[in-house]
Amino acid sequence: MNTVVQGNPAGHQPLGNVVTEGLQPFLHDVCTTLYAPSLVLSRPTGDITGGVDGFFHGDRRLLSRLSVRVEGVPVLPVSNTLTSADRTSFRSVVRGVGEHTADPAVTLHRVRSLEPGVLREELEIVNAGVQEIRLEVVVSAAGDLASMNGVKSGRRSDPVPAEAEDGALVWRGDGVRVRLHASSGSPRTDAGAGELRFEVALAARESWRTDLECTVTDTEPLRFPAVARDAVPWSGTGLRSADHRLDQFFARSVGDLERLLLSDPEHPEDQFLAAGSPWFLTLFGRDSLWAARMLLPLGSDLAAGTLRTLARRQGTTTDSRTDEQPGKILHEVRREGQKLNEGASLPPVYYGTVDATPLWVILLHDAWRWGLDPEQVRDLLPHAEAALEWLATYGDADGDGLLEYIDVSGLGLANQGWKDSGDAIRWRDGRLAEAPIALCEVQAYGYEAAMGGAALLRAFGRPGAERWEAWADRLKRRFRESFWIEDESGRYPAVALDAAKRPVDSVTSGFGHLLGTGLLDEEESALLAARLAGPELNSGFGLRTLSTESTGFNPFGYHIGSIWPHDTAIAVHGLVRAGFPAEAASLAGGLVAASAAFDGRLPELFAGHGSAVDSVPAPYPASCRPQSWSAASAVALLQAALGLEVDVPGGTLRISPKAAEGFGPLRLTGLRVAGAPLAVSLDAAGQVRVEAPDSLTVYGAERA
């Protein structure tokens, strides 16, 4: 993804919800209500007041203003509560009305709920006083039908004139029709002002109520439809642990993930996770794959839907404009093309990613081990073979045995790993690396994909396993020869190789993606575990993307010092797999501590100042929230803490809770393996009990 904030002209600063022309708006203070592909961004008061705020559906803003006021009387907010991902309540006091003591007497309660394409707001005014009151309640609304890309770029949009229609306000344009009406109260409609006005008279102890409903009709079908509430591919999840912050993080994350689900219009039964709100509420190869992989303990259905959705769009031809190549897995799909703030211009379907293709093969292998139906795996093997061929041809275009990328068109993303901002890959002295670039973590993905692909081919009686094992072995040798360098603290792998195959010497969080993949030996893994545990990278709230000792370090830098929860969770999982549970527990505990500062809803990223400087982490102002792989990190942390590893084809389930320090005792329910229920309990003495299918031999735990 790419959300880098543009340069700020002198003297122009965003403040609150005011957005300076041409600057990406900040998100850290918005209240988000979500049911993909719809969402509402508002002030904590509940009002939609302009700037980034709005009611969005399918990458288009329908309402750019929706506020509730009482004519001539201040309405002061006192609380807001995110009841669930798709339901938020706001409570305010109507000051100076009906008061006979210093206590508030009249309150406004707004309850916002969201369905795909439908926004509802319940308005209730309660008179708890002892005298009659009379009020004029005004609902003010506007629509601009702006594109999501336009909102993100900070471009101002002129409002579309409203029309009055049967007591409702209506906006039309570009095949879209938006209608706002009230269920009761007989409001006076003023289309010119965009207002619904209600005369309210309340005796003592009485209340008044109306429901607002805003609906959208769009002649253009959605790229990816919503998922019905009863079609979520997991159910009944629950966690009770010794750390209430972890419980909150898990519950909030699972709830958000349910509302981030979308489906493939060609096969609605196949679901995947949109990358995140608000900018990335669509299919992203890398993000959707990582999130599905992290959520395998909840069942393999999401992984299967994600794999099939991407396989249907797997590259079949060579196109330099879209970066499509045979066998390649796409980067993102949009309603329309995008102009990004780094000069890039992306088509609606864009393939500019170096890591989605190996990650697709890895997810297929891991889903098979978690019990994905063998026939479903078999059906996807031709796509896995095409993806592996891409690794050996287009992924390694110069034939040196390593995977690299370059933006051939000059219009796409300059960096095509997960750190895809233009300044992400740099030398320790701050210089930017020159493409083609071979990223360290992508070599690990390539190795893991080739070995996992070989295992699949052998298990299903298809040829080629030996070829891919030999390919992986060559990559491992080339990595050891080309990437490892040394500084005063010892040996470590460079973040990347540049165009001249020189190792770019920055110390980064990419180390975590190498661990547990098979690319490293024990000594190399120990060196990286020590680096990850050290204060240069470990902030106390998670891993910094760049060492504090680098010239380019910026705690507010998108990929050059900030903390990404999914990045930390990947490192925690890798550390456990590589045999370093203490280091894993430290990073996991830091991320759980950070989650409490965000009420359990971890953002896409946050600032990397660290716990030695701040008692709570500072938000990254333009960060998306909720974000699928940040939310999925809650499940990944629990899997790593419990040391939970499953091999359904091999008939085994292993548990080793060496990294669960501070989390136990705990009970985790709602997991699934091979379509059957799985639950894990850890008592205060460290003893583990598991409820698992009889077909699996359990190691490290007693059966419940």
# chains A, B, ... in the order shown; residues from 1 in each chain; ligands from 1
>>> closest_atom_pairs(of="segment 213-241 of chain A", to="segment 25-41 of chain A", cutoff="9 Å", atoms="only C-alpha atoms", output="CSV")
residue,atom,partner,partner_atom,distance
A:Leu222,CA,A:Pro37,CA,8.6
A:Phe224,CA,A:Pro37,CA,7.8
A:Pro225,CA,A:Pro37,CA,7.0
A:Ala226,CA,A:Ala36,CA,6.0
A:Val227,CA,A:Ala36,CA,8.1
>>> select_by_dssp(residues="segment 57-157 of chain A", states="alpha helix (DSSP H)", output="list in words")
Met148, Asn149, Gly150, Val151 and Lys152 of chain A
>>> residues_around(residues="Arg321 of chain A", least_positions_apart="4", cutoff="9 Å", atoms="only C-alpha atoms", output="JSON list (two decimals) with C-alpha atoms, in the first residue's frame")
[["chain", "number", "residue", "atom", "x", "y", "z"],
["A", 346, "LEU", "CA", -1.87, 3.32, -11.19],
["A", 347, "PRO", "CA", -4.47, 1.61, -13.42],
["A", 350, "TYR", "CA", -2.39, -3.18, -10.97],
["A", 408, "VAL", "CA", 9.37, -0.69, -15.85],
["A", 409, "SER", "CA", 6.67, 1.82, -16.82],
["A", 410, "GLY", "CA", 8.04, 4.64, -14.67],
["A", 411, "LEU", "CA", 4.43, 5.37, -13.63],
["A", 412, "GLY", "CA", 3.93, 2.67, -11.02]]
>>> atom_distance(atom1="atom CA of Gly561 of chain A", atom2="atom CA of Gly610 of chain A")
10.3 Å
>>> select_by_dssp(residues="segment 472-616 of chain A", states="strand (DSSP E or B)", output="PyMOL selection string")
chain A and resi 484-487+490-493+496-497+503-504+508+538+543-544+546+563+606
>>> write_last_selection(atoms="N, CA, C and O atoms", output="compact mmCIF listing (two decimals), in the first residue's frame")
# COMPACT_ATOMS: atom_id res chain seq x y z
N TRP A 484 24.82 -10.81 3.51
CA TRP A 484 25.38 -10.69 4.85
C TRP A 484 26.55 -9.70 4.88
O TRP A 484 27.48 -9.80 4.10
N ILE A 485 26.43 -8.74 5.79
CA ILE A 485 27.47 -7.72 5.99
C ILE A 485 27.72 -7.60 7.49
O ILE A 485 27.15 -8.35 8.29
N GLU A 486 28.54 -6.64 7.89
CA GLU A 486 28.94 -6.55 9.29
C GLU A 486 29.10 -5.10 9.70
O GLU A 486 29.52 -4.26 8.92
N ASP A 487 28.73 -4.80 10.95
CA ASP A 487 29.03 -3.51 11.56
C ASP A 487 29.64 -3.77 12.94
O ASP A 487 30.01 -4.90 13.26
N GLY A 490 28.22 -6.67 14.85
CA GLY A 490 28.31 -8.02 14.32
C GLY A 490 27.70 -8.15 12.94
O GLY A 490 27.41 -7.17 12.25
N ARG A 491 27.47 -9.41 12.53
CA ARG A 491 26.96 -9.70 11.19
C ARG A 491 25.44 -9.56 11.14
O ARG A 491 24.74 -9.82 12.12
N TYR A 492 24.94 -9.18 9.96
CA TYR A 492 23.50 -9.06 9.75
C TYR A 492 23.25 -8.97 8.24
O TYR A 492 24.15 -8.61 7.47
N PRO A 493 22.03 -9.27 7.76
CA PRO A 493 21.73 -9.15 6.35
C PRO A 493 21.28 -7.73 6.00
O PRO A 493 20.51 -7.10 6.73
N ALA A 496 18.54 -4.82 1.48
CA ALA A 496 18.33 -5.09 0.06
C ALA A 496 19.65 -5.07 -0.67
O ALA A 496 20.68 -4.62 -0.13
N LEU A 497 19.64 -5.52 -1.92
CA LEU A 497 20.71 -5.28 -2.88
C LEU A 497 20.21 -4.24 -3.86
O LEU A 497 19.06 -4.29 -4.30
N PRO A 503 25.09 -4.52 -1.20
CA PRO A 503 24.20 -4.65 -0.04
C PRO A 503 23.90 -3.29 0.59
O PRO A 503 24.81 -2.58 1.02
N VAL A 504 22.64 -2.92 0.62
CA VAL A 504 22.19 -1.66 1.22
C VAL A 504 22.16 -1.88 2.72
O VAL A 504 21.40 -2.70 3.24
N THR A 508 16.94 -3.04 9.68
CA THR A 508 15.50 -2.85 9.60
C THR A 508 14.74 -3.99 10.27
O THR A 508 15.31 -5.02 10.64
N ASN A 538 13.56 -2.64 18.81
CA ASN A 538 12.46 -2.91 19.75
C ASN A 538 12.14 -1.63 20.51
O ASN A 538 12.89 -1.20 21.39
N LEU A 543 8.14 -3.36 16.88
CA LEU A 543 9.37 -3.16 16.11
C LEU A 543 9.33 -1.89 15.28
O LEU A 543 8.35 -1.64 14.56
N ARG A 544 10.39 -1.12 15.36
CA ARG A 544 10.56 0.00 14.43
C ARG A 544 10.95 -0.55 13.06
O ARG A 544 11.72 -1.51 12.96
N LEU A 546 12.88 0.93 10.97
CA LEU A 546 14.26 1.30 10.69
C LEU A 546 14.96 1.58 12.01
O LEU A 546 14.37 2.17 12.93
N ILE A 563 6.10 2.05 13.51
CA ILE A 563 5.85 0.68 13.95
C ILE A 563 4.59 0.17 13.26
O ILE A 563 3.53 0.82 13.34
N PHE A 606 1.88 3.17 13.74
CA PHE A 606 1.93 4.28 14.68
C PHE A 606 3.38 4.71 14.85
O PHE A 606 4.31 4.06 14.35
>>> closest_residue(among="A:Pro374, A:Pro44, A:Gly552, A:Gly464", to="Ile425 of chain A", atoms="only C-alpha atoms")
A:Gly552
>>> residues_around(residues="segment 295-301 of chain A", least_positions_apart="5", cutoff="10 Å", atoms="only C-alpha atoms", output="ChimeraX atom specification")
/A:232-237,254,257,269-272,289-290,306-307,363-364,366-373,629,631-636,638-639,644-646,669-678
>>> residues_around(residues="segment 52-66 of chain A", least_positions_apart="6", cutoff="9 Å", atoms="only C-alpha atoms", output="JSON, numbers by chain")
{"A": [17, 18, 19, 24, 25, 26, 27, 30, 36, 37, 38, 39, 40, 41, 42, 43, 46, 116, 117, 118, 119, 139, 140, 141, 142, 143, 144, 145, 146, 147, 148, 149, 151, 152, 154, 159, 171, 176, 177, 178, 214, 216, 222, 223, 224, 225, 278, 279, 280, 281, 282, 334, 335, 336]}
>>> atom_distance(atom1="atom CA of Ile133 of chain A", atom2="atom CA of Ala203 of chain A")
6.5 Å
